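Undergrad: protein-v3.cif is reproduced in full below (mmCIF, C-alpha atoms).
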data_my_file
loop_
_atom_site.group_PDB
_atom_site.id
_atom_site.type_symbol
_atom_site.label_atom_id
_atom_site.label_comp_id
_atom_site.auth_asym_id
_atom_site.auth_seq_id
_atom_site.Cartn_x
_atom_site.Cartn_y
_atom_site.Cartn_z
ATOM 1 C CA MET A 283 -20.587 -9.003 0.045
ATOM 2 C CA ALA A 284 -21.202 -5.554 -1.368
ATOM 3 C CA GLY A 285 -19.697 -3.844 -4.382
ATOM 4 C CA HIS A 286 -18.603 -0.230 -4.100
ATOM 5 C CA SER A 287 -17.887 2.313 -6.786
ATOM 6 C CA LYS A 288 -15.836 5.152 -5.320
ATOM 7 C CA PHE A 289 -12.054 5.163 -5.515
ATOM 8 C CA LYS A 290 -10.613 6.695 -2.345
ATOM 9 C CA ASN A 291 -6.882 5.963 -2.348
ATOM 10 C CA ILE A 292 -5.077 9.234 -3.041
ATOM 11 C CA MET A 293 -1.732 7.443 -3.182
ATOM 12 C CA HIS A 294 -2.421 6.724 -6.872
ATOM 13 C CA ARG A 295 -3.063 10.199 -8.169
ATOM 14 C CA LYS A 296 -1.742 11.339 -11.521
ATOM 15 C CA GLY A 297 1.902 12.309 -11.882
ATOM 16 C CA ARG A 298 3.286 10.085 -9.144
ATOM 17 C CA ALA A 299 4.508 7.026 -11.052
ATOM 18 C CA ASP A 300 7.569 8.342 -12.901
ATOM 19 C CA ALA A 301 8.995 10.289 -9.983
ATOM 20 C CA ALA A 302 8.591 7.358 -7.609
ATOM 21 C CA ARG A 303 9.895 4.595 -9.883
ATOM 22 C CA SER A 304 13.407 4.241 -8.488
ATOM 23 C CA LYS A 305 12.143 4.517 -4.916
ATOM 24 C CA LEU A 306 9.524 1.885 -5.669
ATOM 25 C CA PHE A 307 12.163 -0.627 -6.756
ATOM 26 C CA SER A 308 14.244 0.179 -3.685
ATOM 27 C CA ARG A 309 11.226 -0.337 -1.416
ATOM 28 C CA LEU A 310 10.323 -3.607 -3.116
ATOM 29 C CA SER A 311 13.921 -4.834 -2.822
ATOM 30 C CA ARG A 312 14.026 -4.128 0.916
ATOM 31 C CA GLU A 313 10.745 -5.932 1.451
ATOM 32 C CA ILE A 314 12.001 -8.960 -0.505
ATOM 33 C CA THR A 315 15.217 -9.080 1.530
ATOM 34 C CA VAL A 316 13.447 -8.831 4.884
ATOM 35 C CA ALA A 317 10.792 -11.345 3.804
ATOM 36 C CA ALA A 318 13.483 -13.821 2.733
ATOM 37 C CA LYS A 319 15.220 -13.335 6.088
ATOM 38 C CA SER A 320 11.993 -13.952 8.008
ATOM 39 C CA GLY A 321 11.656 -17.494 6.644
ATOM 40 C CA LEU A 322 12.993 -19.719 3.900
ATOM 41 C CA PRO A 323 14.513 -17.929 0.871
ATOM 42 C CA ASP A 324 12.083 -19.831 -1.375
ATOM 43 C CA PRO A 325 8.848 -18.052 -2.390
ATOM 44 C CA ALA A 326 7.038 -21.394 -2.616
ATOM 45 C CA MET A 327 7.731 -22.048 1.073
ATOM 46 C CA ASN A 328 7.543 -18.483 2.406
ATOM 47 C CA PRO A 329 4.156 -16.690 1.996
ATOM 48 C CA ARG A 330 5.531 -13.247 2.819
ATOM 49 C CA LEU A 331 8.344 -13.651 0.303
ATOM 50 C CA ARG A 332 5.884 -14.904 -2.303
ATOM 51 C CA LEU A 333 3.806 -11.739 -1.869
ATOM 52 C CA ALA A 334 6.885 -9.530 -2.109
ATOM 53 C CA VAL A 335 8.150 -11.250 -5.258
ATOM 54 C CA ASN A 336 4.723 -11.181 -6.925
ATOM 55 C CA ASN A 337 4.407 -7.457 -6.241
ATOM 56 C CA ALA A 338 7.882 -6.834 -7.653
ATOM 57 C CA LYS A 339 7.001 -8.757 -10.805
ATOM 58 C CA ALA A 340 3.735 -6.810 -11.140
ATOM 59 C CA GLU A 341 5.805 -3.608 -11.205
ATOM 60 C CA SER A 342 8.096 -5.067 -13.915
ATOM 61 C CA MET A 343 11.067 -5.264 -11.578
ATOM 62 C CA PRO A 344 13.880 -7.175 -13.377
ATOM 63 C CA LYS A 345 14.407 -10.790 -12.316
ATOM 64 C CA GLU A 346 18.066 -10.157 -11.503
ATOM 65 C CA ASN A 347 17.024 -7.430 -9.040
ATOM 66 C CA ILE A 348 14.635 -9.841 -7.357
ATOM 67 C CA ASP A 349 17.269 -12.591 -7.126
ATOM 68 C CA ARG A 350 19.834 -10.132 -5.772
ATOM 69 C CA ALA A 351 17.411 -8.937 -3.089
ATOM 70 C CA ILE A 352 16.781 -12.531 -1.969
ATOM 71 C CA LYS A 353 20.514 -13.287 -1.787
ATOM 72 C CA LYS A 354 21.060 -10.233 0.412
ATOM 73 C CA ALA A 355 19.057 -11.983 3.144
ATOM 74 C CA SER A 356 21.945 -14.392 3.738
ATOM 75 C CA GLY A 357 24.511 -11.581 3.775
ATOM 76 C CA GLY A 358 23.468 -10.052 7.075
ATOM 77 C CA GLU A 359 22.045 -6.824 5.634
ATOM 78 C CA ALA A 360 18.514 -7.680 6.737
ATOM 79 C CA ASP A 361 19.709 -8.081 10.336
ATOM 80 C CA LEU A 362 20.146 -4.309 10.533
ATOM 81 C CA MET A 363 16.644 -3.497 9.266
ATOM 82 C CA GLU A 364 13.848 -2.751 11.724
ATOM 83 C CA GLU A 365 10.131 -2.565 10.951
ATOM 84 C CA ILE A 366 8.367 0.312 12.710
ATOM 85 C CA ARG A 367 4.810 1.640 12.520
ATOM 86 C CA TYR A 368 4.072 5.317 13.145
ATOM 87 C CA GLU A 369 0.574 6.685 13.630
ATOM 88 C CA GLY A 370 -0.832 10.187 13.655
ATOM 89 C CA ARG A 371 -3.381 12.677 12.420
ATOM 90 C CA GLY A 372 -3.237 14.820 9.323
ATOM 91 C CA PRO A 373 -5.179 17.925 8.232
ATOM 92 C CA GLY A 374 -8.877 17.627 8.973
ATOM 93 C CA GLY A 375 -8.252 14.941 11.583
ATOM 94 C CA VAL A 376 -7.453 12.282 8.975
ATOM 95 C CA GLY A 377 -5.882 9.138 10.422
ATOM 96 C CA ILE A 378 -2.488 8.199 8.977
ATOM 97 C CA ILE A 379 -0.416 5.048 9.376
ATOM 98 C CA VAL A 380 3.205 5.037 8.199
ATOM 99 C CA GLU A 381 5.124 1.785 7.819
ATOM 100 C CA VAL A 382 8.906 2.138 7.979
ATOM 101 C CA LEU A 383 11.758 -0.263 7.270
ATOM 102 C CA THR A 384 15.000 1.269 8.491
ATOM 103 C CA ASP A 385 18.522 0.651 9.755
ATOM 104 C CA ASN A 386 18.366 3.817 11.881
ATOM 105 C CA ARG A 387 15.350 4.200 14.183
ATOM 106 C CA ASN A 388 16.346 7.691 15.341
ATOM 107 C CA ARG A 389 16.677 9.035 11.806
ATOM 108 C CA ALA A 390 13.398 7.508 10.678
ATOM 109 C CA GLY A 391 11.482 8.811 13.690
ATOM 110 C CA ALA A 392 12.863 12.322 13.328
ATOM 111 C CA ASN A 393 12.013 12.470 9.625
ATOM 112 C CA VAL A 394 8.465 11.201 10.104
ATOM 113 C CA ARG A 395 7.844 13.601 12.981
ATOM 114 C CA ALA A 396 9.215 16.533 10.962
ATOM 115 C CA ALA A 397 6.928 15.730 8.008
ATOM 116 C CA PHE A 398 3.856 15.667 10.254
ATOM 117 C CA SER A 399 4.822 18.906 12.001
ATOM 118 C CA LYS A 400 5.562 20.786 8.781
ATOM 119 C CA HIS A 401 2.342 19.836 7.020
ATOM 120 C CA GLY A 402 -0.440 20.322 9.537
ATOM 121 C CA GLY A 403 -0.264 16.923 11.219
ATOM 122 C CA ALA A 404 0.560 15.501 14.626
ATOM 123 C CA LEU A 405 2.332 12.249 15.395
ATOM 124 C CA GLY A 406 0.543 10.105 17.970
ATOM 125 C CA GLU A 407 1.315 7.213 20.288
ATOM 126 C CA SER A 408 1.306 3.578 19.221
ATOM 127 C CA ASN A 409 -2.247 2.372 18.514
ATOM 128 C CA SER A 410 -3.649 5.902 18.702
ATOM 129 C CA VAL A 411 -4.990 5.371 15.173
ATOM 130 C CA ALA A 412 -4.555 1.693 14.313
ATOM 131 C CA PHE A 413 -7.335 0.525 16.640
ATOM 132 C CA MET A 414 -9.790 2.068 14.160
ATOM 133 C CA TRP A 415 -8.310 0.145 11.219
ATOM 134 C CA ASP A 416 -8.325 -3.491 10.126
ATOM 135 C CA ARG A 417 -5.301 -5.502 8.984
ATOM 136 C CA VAL A 418 -6.525 -7.231 5.823
ATOM 137 C CA GLY A 419 -5.464 -8.682 2.501
ATOM 138 C CA GLN A 420 -5.816 -6.576 -0.650
ATOM 139 C CA ILE A 421 -5.768 -7.798 -4.251
ATOM 140 C CA THR A 422 -6.008 -5.363 -7.160
ATOM 141 C CA TYR A 423 -6.849 -5.913 -10.817
ATOM 142 C CA PRO A 424 -6.978 -3.381 -13.661
ATOM 143 C CA ALA A 425 -10.399 -2.493 -15.024
ATOM 144 C CA GLU A 426 -9.833 -4.574 -18.165
ATOM 145 C CA ALA A 427 -9.508 -7.773 -16.098
ATOM 146 C CA GLY A 428 -13.269 -8.168 -16.193
ATOM 147 C CA SER A 429 -16.666 -6.623 -15.604
ATOM 148 C CA GLU A 430 -17.833 -5.788 -12.086
ATOM 149 C CA ASP A 431 -20.096 -8.861 -12.132
ATOM 150 C CA ALA A 432 -17.332 -11.164 -13.379
ATOM 151 C CA VAL A 433 -14.862 -9.981 -10.749
ATOM 152 C CA MET A 434 -17.503 -10.162 -8.014
ATOM 153 C CA GLU A 435 -18.375 -13.745 -8.990
ATOM 154 C CA ALA A 436 -14.707 -14.786 -9.032
ATOM 155 C CA ALA A 437 -14.137 -13.141 -5.649
ATOM 156 C CA ILE A 438 -17.120 -14.876 -4.061
ATOM 157 C CA GLU A 439 -15.991 -18.257 -5.375
ATOM 158 C CA ALA A 440 -12.460 -17.617 -4.076
ATOM 159 C CA GLY A 441 -13.660 -16.754 -0.579
ATOM 160 C CA ALA A 442 -13.006 -13.006 -0.558
ATOM 161 C CA GLN A 443 -14.746 -10.677 1.909
ATOM 162 C CA ASP A 444 -15.584 -7.696 -0.309
ATOM 163 C CA VAL A 445 -15.019 -6.100 -3.720
ATOM 164 C CA GLU A 446 -14.764 -2.460 -4.797
ATOM 165 C CA SER A 447 -14.853 -1.693 -8.519
ATOM 166 C CA ASP A 448 -13.811 1.794 -9.567
ATOM 167 C CA LEU A 449 -13.492 2.783 -13.194
ATOM 168 C CA VAL A 450 -12.017 6.203 -12.468
ATOM 169 C CA LYS A 451 -11.016 8.806 -15.031
ATOM 170 C CA PRO A 452 -7.357 8.564 -16.110
ATOM 171 C CA ASP A 453 -7.062 12.369 -16.138
ATOM 172 C CA ILE A 454 -7.563 12.341 -12.364
ATOM 173 C CA TYR A 455 -5.841 9.161 -11.243
ATOM 174 C CA GLU A 456 -2.888 7.243 -12.584
ATOM 175 C CA ASP A 457 -2.348 3.524 -11.926
ATOM 176 C CA ALA A 458 -5.695 3.337 -10.134
ATOM 177 C CA PRO A 459 -6.826 -0.257 -9.642
ATOM 178 C CA GLY A 460 -10.060 -0.972 -11.451
ATOM 179 C CA HIS A 461 -11.027 -3.683 -8.971
ATOM 180 C CA THR A 462 -9.954 -4.057 -5.345
ATOM 181 C CA ILE A 463 -10.666 -7.340 -3.592
ATOM 182 C CA TRP A 464 -10.522 -7.515 0.198
ATOM 183 C CA THR A 465 -9.743 -10.704 2.103
ATOM 184 C CA ALA A 466 -9.173 -11.814 5.666
ATOM 185 C CA PHE A 467 -5.529 -11.422 6.711
ATOM 186 C CA GLU A 468 -4.907 -15.156 6.731
ATOM 187 C CA ASP A 469 -6.751 -15.866 3.453
ATOM 188 C CA LEU A 470 -4.844 -13.544 1.119
ATOM 189 C CA ASN A 471 -2.603 -16.082 -0.626
ATOM 190 C CA GLU A 472 -5.374 -18.656 -1.035
ATOM 191 C CA VAL A 473 -7.837 -16.122 -2.479
ATOM 192 C CA ALA A 474 -5.202 -14.582 -4.773
ATOM 193 C CA GLU A 475 -4.246 -17.971 -6.183
ATOM 194 C CA ALA A 476 -7.892 -18.930 -6.763
ATOM 195 C CA MET A 477 -8.678 -15.643 -8.515
ATOM 196 C CA SER A 478 -5.569 -15.810 -10.700
ATOM 197 C CA LYS A 479 -6.896 -19.039 -12.217
ATOM 198 C CA VAL A 480 -9.982 -17.135 -13.413
ATOM 199 C CA LEU A 481 -8.758 -13.577 -14.068
ATOM 200 C CA GLY A 482 -5.016 -14.028 -14.527
ATOM 201 C CA ASP A 483 -2.278 -12.588 -12.331
ATOM 202 C CA PRO A 484 -3.374 -9.617 -10.197
ATOM 203 C CA LYS A 485 -1.751 -6.199 -10.416
ATOM 204 C CA SER A 486 -0.781 -6.435 -6.762
ATOM 205 C CA THR A 487 -1.349 -8.445 -3.596
ATOM 206 C CA ALA A 488 -0.580 -7.086 -0.160
ATOM 207 C CA ILE A 489 -1.365 -7.059 3.536
ATOM 208 C CA VAL A 490 -2.607 -3.526 4.221
ATOM 209 C CA TRP A 491 -4.294 -1.282 6.775
ATOM 210 C CA LYS A 492 -7.937 -0.503 5.937
ATOM 211 C CA PRO A 493 -9.787 2.199 7.903
ATOM 212 C CA GLN A 494 -13.097 1.171 9.423
ATOM 213 C CA ALA A 495 -14.488 4.626 8.618
ATOM 214 C CA LEU A 496 -13.375 7.440 6.301
ATOM 215 C CA THR A 497 -12.849 11.091 7.202
ATOM 216 C CA PRO A 498 -14.099 13.678 4.666
ATOM 217 C CA VAL A 499 -11.477 16.265 3.697
ATOM 218 C CA GLU A 500 -12.193 19.262 1.480
ATOM 219 C CA GLY A 501 -10.596 22.348 -0.029
ATOM 220 C CA ASP A 502 -7.182 23.568 1.067
ATOM 221 C CA GLN A 503 -6.877 20.767 3.604
ATOM 222 C CA VAL A 504 -6.672 18.323 0.696
ATOM 223 C CA GLY A 505 -3.644 20.153 -0.676
ATOM 224 C CA THR A 506 -1.918 20.185 2.714
ATOM 225 C CA LEU A 507 -2.662 16.503 3.236
ATOM 226 C CA MET A 508 -1.210 15.606 -0.152
ATOM 227 C CA LYS A 509 1.954 17.555 0.697
ATOM 228 C CA LEU A 510 2.235 15.594 3.947
ATOM 229 C CA ILE A 511 1.861 12.282 2.123
ATOM 230 C CA ASP A 512 4.380 13.389 -0.509
ATOM 231 C CA ALA A 513 6.895 14.284 2.216
ATOM 232 C CA LEU A 514 6.442 10.936 3.949
ATOM 233 C CA GLU A 515 6.656 8.880 0.759
ATOM 234 C CA ALA A 516 9.794 10.751 -0.333
ATOM 235 C CA ASP A 517 11.666 9.437 2.701
ATOM 236 C CA ASP A 518 13.820 6.419 1.857
ATOM 237 C CA ASP A 519 12.882 4.627 5.083
ATOM 238 C CA VAL A 520 9.128 4.790 4.451
ATOM 239 C CA GLN A 521 7.588 1.695 2.900
ATOM 240 C CA GLN A 522 3.864 2.528 2.900
ATOM 241 C CA VAL A 523 1.556 5.380 3.864
ATOM 242 C CA TYR A 524 -2.145 4.791 4.563
ATOM 243 C CA THR A 525 -4.826 7.413 5.228
ATOM 244 C CA SER A 526 -8.507 7.421 6.116
ATOM 245 C CA ALA A 527 -9.179 10.416 3.862
ATOM 246 C CA ASP A 528 -12.362 10.606 1.789
ATOM 247 C CA ILE A 529 -11.680 13.112 -1.004
ATOM 248 C CA SER A 530 -13.936 14.089 -3.892
ATOM 249 C CA ASP A 531 -12.763 13.574 -7.470
ATOM 250 C CA GLU A 532 -12.919 17.346 -7.955
ATOM 251 C CA ASP A 533 -10.585 18.122 -5.047
ATOM 252 C CA ALA A 534 -8.308 15.222 -5.975
ATOM 253 C CA ALA A 535 -7.914 16.646 -9.486
ATOM 254 C CA LYS A 536 -7.503 20.223 -8.244
ATOM 255 C CA TYR A 537 -4.766 19.464 -5.723
ATOM 256 C CA ALA A 538 -2.974 16.603 -7.493
ATOM 257 C CA GLY A 539 0.781 17.082 -7.623
#
Show the structure stored in the file as structure tokens.
TA:
Amino acid sequence: MAGHSKFKNIMHRKGRADAARSKLFSRLSREITVAAKSGLPDPAMNPRLRLAVNNAKAESMPKENIDRAIKKASGGEADLMEEIRYEGRGPGGVGIIVEVLTDNRNRAGANVRAAFSKHGGALGESNSVAFMWDRVGQITYPAEAGSEDAVMEAAIEAGAQDVESDLVKPDIYEDAPGHTIWTAFEDLNEVAEAMSKVLGDPKSTAIVWKPQALTPVEGDQVGTLMKLIDALEADDDVQQVYTSADISDEDAAKYAG
């Protein structure tokens, strides 16, 4: 296991949180509803629902919103929702994976394609990008949860695969996780529960796409890429956007929204 010290996720740059708050709750609600529909409506008996509820709580989503989202699963609303993955390339050849949860496949596809076309990207075929990524578990903790050594020790004991600790500057990034713990897909819940006994509840737990290699992006291409990601994340059908971009702190600060 190796510790790393460079924060590369541009989805957390400064200025994003307030504007995305209502959309965040909407996205979390949809995930809870679909997760409850996929199994039992009890987080204790449904791992996917447990992840969705824990993430909602970490974002201070009100309990009544969470309960309402679970109840929707029995009302038929989730039957209309379809999970779709889009893949493509952004400026500089950066790989991008877009996860969508929609009740209208045609609308979602058209919107995603338009965003790529408008902002220097190109939508690809299924698995044109994903074969170079891994599907893994991700646990995040704020920097104050513990020192790099303490988090690394807890992660090793819990059975995690890797740890990245990034104490980035708040004037560049907002809501950046101080510590990111990576796990095997199937081990996420077990590792998260073990670590919570040592470090407390994590900021988030999720199954994510992790690129096997990063693509350096510099200068104006960073600005265009950020506009593409903004356009994708602004769409109501889009749940998550992942990129393989490797961007310097200087360019991230310069082109932040």
Undergrad: Take the point (-8.2, -13.8, -2.4) in the file's coordinates, draw a sphere of radius 9 Å around it, and report as JSON, numbers by chain every protein, DNA or RNA residue with an atom inside or on it, counting all atoms listed in the file.
TA: {"A": [419, 420, 421, 437, 440, 441, 442, 443, 463, 464, 465, 466, 469, 470, 471, 472, 473, 474, 475, 476, 477, 478, 487]}
Undergrad: Calculated over only C-alpha atoms, which of the candidates A:Ile348, A:Leu496, A:Val490, A:Val504 has the smallest distance to Ile379 of chain A?
TA: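 So, comparing all the options, the nearest one is A:Val490.
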Undergrad: In terms of the shortest atom-to-atom distance over only C-alpha atoms, which of A:Leu322, A:Ala527, A:Ala317, A:Ile489 is closest to Asp416 of chain A?
TA: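 Closest to Asp416 of chain A of all the choices is A:Ile489.
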Undergrad: Could you jot down the atom CA of Gly357 of chain A to atom CA of Lys339 of chain A separation for me, Å, one decimal place?
TA: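 These two atoms are separated by 23.0 Å.
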Undergrad: Would you pick out the contacts of Thr497 of chain A at 8 Å or less, using only C-alpha atoms, so that residues sharing its chain but fewer than 5 positions from it are not included, and give the list as a PDB file with C-alpha atoms, in the frame of the given file?
TA:
ATOM      1  CA  GLY A 374      -8.877  17.627   8.973  1.00  0.00           C
ATOM      2  CA  GLY A 375      -8.252  14.941  11.583  1.00  0.00           C
ATOM      3  CA  VAL A 376      -7.453  12.282   8.975  1.00  0.00           C
ATOM      4  CA  GLY A 377      -5.882   9.138  10.422  1.00  0.00           C
ATOM      5  CA  SER A 526      -8.507   7.421   6.116  1.00  0.00           C
ATOM      6  CA  ALA A 527      -9.179  10.416   3.862  1.00  0.00           C
ATOM      7  CA  ASP A 528     -12.362  10.606   1.789  1.00  0.00           C
TER       8      ASP A 528
END
